[in-house]
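Beneath this line is the structure, given in structure tokens, with notes to follow.
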Protein chains: 4
Amino acid sequence: MTHRFQTRVWYEDTDLGGIVYHANYLKFIERARSEWVEALGIDQNAMRKAGQIFAVTRVEADFLRPAKLGDRLDVETDLANLGPARLVLNQRVMLENTLLFRATVTLACLDGARPVRLPDPLRQALAR
Amino acid sequence: MTHRFQTRVWYEDTDLGGIVYHANYLKFIERARSEWVEALGIDQNAMRKAGQIFAVTRVEADFLRPAKLGDRLDVETDLANLGPARLVLNQRVMLENTLLFRATVTLACLDGARPVRLPDPLRQALAR
Amino acid sequence: MTHRFQTRVWYEDTDLGGIVYHANYLKFIERARSEWVEALGIDQNAMRKAGQIFAVTRVEADFLRPAKLGDRLDVETDLANLGPARLVLNQRVMLENTLLFRATVTLACLDGARPVRLPDPLRQALAR
Amino acid sequence: MTHRFQTRVWYEDTDLGGIVYHANYLKFIERARSEWVEALGIDQNAMRKAGQIFAVTRVEADFLRPAKLGDRLDVETDLANLGPARLVLNQRVMLENTLLFRATVTLACLDGARPVRLPDPLRQALAR
């Protein structure tokens with residue numbers, strides 16, 4: 001089931017090319033993932049207090065069309081693969097019906113620097 | 001009349017102190033100003049094509065309490081002073097009823113590097 | 001004694017106005033403060049492990065002239081005032097001999113959310 | 001021939017996980033590319049005035065080990081492929097002899113939104 005999240009382009013996101021600075025798309029899709037894990041019942045503040053964080057381990061990203069100041073972007077997130085200690089997501093940044101950016105993102109759950117099993121509430125929610 | 005804007009704290013906004021990195025409050029209040037000028041009928045993309053931008057010329061800011069990951073912050077903006085080529089705003093970042101940050105921000109309208117008269121639609125809207 | 005630090009303007013620092021985004025000057029002067037406290041013998045990673053951080057509590061900043069892509073900026077830092085739990089710095093961002101930005105920055109040392117006495121090595125170094 | 005560039009991790013680069021926020025590695029390698037094209041005789045300010053910019057069109061990135069506050073990172077850049085309108089670079093972020101991050105980055109030269117032939121000085125320099 002596709003998770004949807006909306007975010008807006010602010011002055012801070014642009015660069016002297018007049019468009020969104022490329023690295024900022026990674027921020028946009030990370031905001032969407034934060035809302036997605038929250039919707040699945042995960043509290044990232046509590047995780048961090050327990051010494052665990054989600055870490056991005058791999059990104060494959062295509063920058064297709066530029067976003068501009070004021071654009072209201074829709075970020076779509078789908079689960080592509082679920083392993084014991086990692087998950088893979090497909091994420092897209094849309095402006096209305098136009099695809100601007102797409103990425104395949106691999107995440108691991110880390111305890112310190114060590115990969116650990118994904119949190120059970122997340123695994124159960126995703127298995128549904 | 002107080003303008004209100006809500007923004008959320010994302011992972012990107014935090015630093016290793018576990019709280020929002022101080023410079024990012026300036027981004028939060030800039031987002032609020034962008035929505036505020038938009039609500040007053042100003043199109044910053046059009047302004048820029050005409051060679052004009054709003055520039056911050058002075059900030060006095062107090063960092064009172066820290067914001068944390070996931071916080072839904074309210075930014076309140078009030079006009080404090082309106083001159084021919086500059087305006088002064090009072091801005092506050094609130095978490096529910098707690099004041100986290102406040103700033104007095106002076107803005108000029110620049111054409112290239114030269115200060116020019118504020119756009120008439122803005123002046124008229126603010127004079128009301 | 002004035003501390004000097006050089007930093008360069010990258011694409012990421014610019015905005016669609018073609019110049020450095022205003023909030024990024026706070027990053028430039030924070031980099032200079034990090035080198036300054038390091039030069040005084042303070043290890044911010046160790047401080048943080050001990051639960052302490054430096055926090056900016058107040059900034060007064062004037063944005064005088066814009067910096068541009070590729071500029072090599074000099075940040076000058078001077079101690080203005082030293083109290084038991086806080087210190088005040090004057091910082092300037094220069095491009096060759098031109099002053100682009102100046103700020104007066106108040107810092108406190110926090111243990112959790114509570115202000116504590118500045119680290120002794122810092123106090124001793126600054127008293128010299 | 002490998003291009004080498006050094007950059008340091010500042011407070012602004014970290015997140016509440018205590019390490020560098022993942023999207024910031026894209027900034028680090030972009031700084032290296034800016035120095036690399038500059039070393040090849042390209043002036044990005046002049047390019048932009050002529051209406052042209054380099055745009056990232058694809059990134060494949062592996063986040064292998066975290067960088068921390070104060071780390072002095074070495075970014076290594078190698079040309080992997082040179083086409084008429086695009087080039088592909090291999091980039092690595094090293095801490096001393098440890099590989100922290102690697103990416104394959106595809107760049108196009110855009111005039112407005114349209115891909116155009118890479119600047120001749122760049123092509124000639126790279127053909128050598």
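If you're wondering about the labels, chains in the structure tokens are A, B, ... by order shown, residues count from 1 in each chain, ligands from 1 in order shown.
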message: Need the shell around stretch 77-93 of chain C: protein/DNA/RNA residues with any atom at most 10 Å away, counting only C-alpha atoms. Skip same-chain ones fewer than 2 positions apart. Format as an MDAnalysis selection string?
response: chainID C and resid 1:7 25 28:30 32:33 36 54:65 67 73:75 95:110 115:119 123 126:127
Give me the residues near stretch 14-16 of chain A as a CSV table (one decimal) with C-alpha atoms, in the first residue's frame, where near means some atom within 6 Å (using only C-alpha atoms) and where sequence neighbours in that chain fewer than 5 positions away do not count.
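Generated file (around-v1.csv):
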```
chain,number,residue,atom,x,y,z
A,21,TYR,CA,19.6,21.5,-4.8
C,14,THR,CA,23.6,29.3,-2.4
C,15,ASP,CA,19.9,29.9,-3.0
C,16,LEU,CA,17.9,31.0,-6.0
C,18,GLY,CA,22.3,33.5,-6.7
```
field: Interface residues on chain A facing chain C, 12 Å, only C-alpha atoms, written as a PyMOL selection string
entry: chain A and resi 9-24+68-69
Go ahead and write the selection's residues with N, CA and C atoms as a PDB file, in the first residue's frame.
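Output below, filename selection-v9.pdb:
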```
ATOM      1  N   VAL A   9       8.440  23.119  -1.230  1.00  0.00           N
ATOM      2  CA  VAL A   9       9.788  23.611  -1.513  1.00  0.00           C
ATOM      3  C   VAL A   9       9.929  25.034  -0.976  1.00  0.00           C
ATOM      4  N   TRP A  10      10.902  25.243  -0.088  1.00  0.00           N
ATOM      5  CA  TRP A  10      11.171  26.551   0.492  1.00  0.00           C
ATOM      6  C   TRP A  10      12.446  27.145  -0.109  1.00  0.00           C
ATOM      7  N   TYR A  11      12.645  28.404   0.165  1.00  0.00           N
ATOM      8  CA  TYR A  11      13.838  29.112  -0.301  1.00  0.00           C
ATOM      9  C   TYR A  11      15.119  28.348   0.031  1.00  0.00           C
ATOM     10  N   GLU A  12      15.193  27.819   1.260  1.00  0.00           N
ATOM     11  CA  GLU A  12      16.366  27.083   1.732  1.00  0.00           C
ATOM     12  C   GLU A  12      16.699  25.870   0.864  1.00  0.00           C
ATOM     13  N   ASP A  13      15.698  25.358   0.110  1.00  0.00           N
ATOM     14  CA  ASP A  13      15.898  24.137  -0.678  1.00  0.00           C
ATOM     15  C   ASP A  13      16.484  24.415  -2.056  1.00  0.00           C
ATOM     16  N   THR A  14      16.457  25.687  -2.457  1.00  0.00           N
ATOM     17  CA  THR A  14      16.891  26.030  -3.812  1.00  0.00           C
ATOM     18  C   THR A  14      18.390  26.326  -3.834  1.00  0.00           C
ATOM     19  N   ASP A  15      18.947  26.325  -5.059  1.00  0.00           N
ATOM     20  CA  ASP A  15      20.338  26.741  -5.209  1.00  0.00           C
ATOM     21  C   ASP A  15      20.421  27.759  -6.337  1.00  0.00           C
ATOM     22  N   LEU A  16      21.621  28.189  -6.660  1.00  0.00           N
ATOM     23  CA  LEU A  16      21.746  29.289  -7.629  1.00  0.00           C
ATOM     24  C   LEU A  16      21.339  28.881  -9.028  1.00  0.00           C
ATOM     25  N   GLY A  17      21.114  27.592  -9.270  1.00  0.00           N
ATOM     26  CA  GLY A  17      20.510  27.182 -10.532  1.00  0.00           C
ATOM     27  C   GLY A  17      19.019  27.533 -10.601  1.00  0.00           C
ATOM     28  N   GLY A  18      18.458  28.012  -9.469  1.00  0.00           N
ATOM     29  CA  GLY A  18      17.058  28.421  -9.442  1.00  0.00           C
ATOM     30  C   GLY A  18      16.100  27.271  -9.164  1.00  0.00           C
ATOM     31  N   ILE A  19      16.657  26.088  -8.914  1.00  0.00           N
ATOM     32  CA  ILE A  19      15.850  24.889  -8.685  1.00  0.00           C
ATOM     33  C   ILE A  19      16.294  24.225  -7.373  1.00  0.00           C
ATOM     34  N   VAL A  20      15.647  23.129  -7.019  1.00  0.00           N
ATOM     35  CA  VAL A  20      16.001  22.449  -5.766  1.00  0.00           C
ATOM     36  C   VAL A  20      17.395  21.825  -5.864  1.00  0.00           C
ATOM     37  N   TYR A  21      18.224  22.061  -4.873  1.00  0.00           N
ATOM     38  CA  TYR A  21      19.563  21.469  -4.796  1.00  0.00           C
ATOM     39  C   TYR A  21      19.419  19.953  -4.698  1.00  0.00           C
ATOM     40  N   HIS A  22      20.194  19.228  -5.483  1.00  0.00           N
ATOM     41  CA  HIS A  22      19.931  17.794  -5.681  1.00  0.00           C
ATOM     42  C   HIS A  22      19.898  16.987  -4.374  1.00  0.00           C
ATOM     43  N   ALA A  23      20.791  17.292  -3.434  1.00  0.00           N
ATOM     44  CA  ALA A  23      20.833  16.489  -2.204  1.00  0.00           C
ATOM     45  C   ALA A  23      19.554  16.639  -1.384  1.00  0.00           C
ATOM     46  N   ASN A  24      18.808  17.720  -1.619  1.00  0.00           N
ATOM     47  CA  ASN A  24      17.618  17.951  -0.800  1.00  0.00           C
ATOM     48  C   ASN A  24      16.476  16.975  -1.096  1.00  0.00           C
ATOM     49  N   LYS A  68      10.707  23.419  -8.064  1.00  0.00           N
ATOM     50  CA  LYS A  68      10.960  24.860  -7.930  1.00  0.00           C
ATOM     51  C   LYS A  68      10.324  25.418  -6.656  1.00  0.00           C
ATOM     52  N   LEU A  69      10.797  26.592  -6.289  1.00  0.00           N
ATOM     53  CA  LEU A  69      10.280  27.281  -5.098  1.00  0.00           C
ATOM     54  C   LEU A  69       8.756  27.275  -5.067  1.00  0.00           C
TER      55      LEU A  69
END
```
- prompt: So which residues of chain C fall under helix (DSSP H, G or I) by DSSP, listed as a PyMOL selection string?
  reply: chain C and resi 11-13+24-39+44-49+120-127
Dump as an mmCIF file, in the first residue's frame, selection limited to C-alpha atoms:
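result-v5.cif, written as the output of this step:
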```cif
data_model
loop_
_atom_site.group_PDB
_atom_site.id
_atom_site.type_symbol
_atom_site.label_atom_id
_atom_site.label_comp_id
_atom_site.auth_asym_id
_atom_site.auth_seq_id
_atom_site.Cartn_x
_atom_site.Cartn_y
_atom_site.Cartn_z
ATOM 1 C CA TYR C 11 26.767 25.191 -4.387
ATOM 2 C CA GLU C 12 24.831 23.878 -1.358
ATOM 3 C CA ASP C 13 25.219 27.283 0.346
ATOM 4 C CA ASN C 24 24.155 29.632 6.243
ATOM 5 C CA TYR C 25 26.259 32.458 7.689
ATOM 6 C CA LEU C 26 25.332 31.028 11.090
ATOM 7 C CA LYS C 27 26.867 27.742 9.926
ATOM 8 C CA PHE C 28 30.032 29.486 8.744
ATOM 9 C CA ILE C 29 30.583 31.195 12.096
ATOM 10 C CA GLU C 30 29.750 27.997 13.984
ATOM 11 C CA ARG C 31 32.514 26.187 12.059
ATOM 12 C CA ALA C 32 34.878 28.927 13.171
ATOM 13 C CA ARG C 33 33.773 28.539 16.807
ATOM 14 C CA SER C 34 34.364 24.786 16.611
ATOM 15 C CA GLU C 35 37.948 25.361 15.449
ATOM 16 C CA TRP C 36 38.339 28.077 18.072
ATOM 17 C CA VAL C 37 37.297 25.878 21.018
ATOM 18 C CA GLU C 38 39.397 23.047 19.588
ATOM 19 C CA ALA C 39 42.406 25.375 19.458
ATOM 20 C CA GLN C 44 33.361 18.625 21.719
ATOM 21 C CA ASN C 45 32.933 14.868 21.134
ATOM 22 C CA ALA C 46 34.202 14.189 24.665
ATOM 23 C CA MET C 47 32.012 16.988 26.073
ATOM 24 C CA ARG C 48 28.962 15.459 24.464
ATOM 25 C CA LYS C 49 29.768 11.994 25.841
ATOM 26 C CA ASP C 120 37.709 24.817 33.279
ATOM 27 C CA PRO C 121 40.234 24.347 30.453
ATOM 28 C CA LEU C 122 38.197 26.820 28.385
ATOM 29 C CA ARG C 123 37.969 29.334 31.257
ATOM 30 C CA GLN C 124 41.683 29.076 31.948
ATOM 31 C CA ALA C 125 42.615 29.397 28.287
ATOM 32 C CA LEU C 126 40.374 32.433 27.873
ATOM 33 C CA ALA C 127 41.583 34.077 31.089
#
```
query: How would you write, as a ChimeraX atom specification, the set of residues in stretch 23-67 of chain A that DSSP gives as strand (DSSP E or B)?
result: /A:52-63
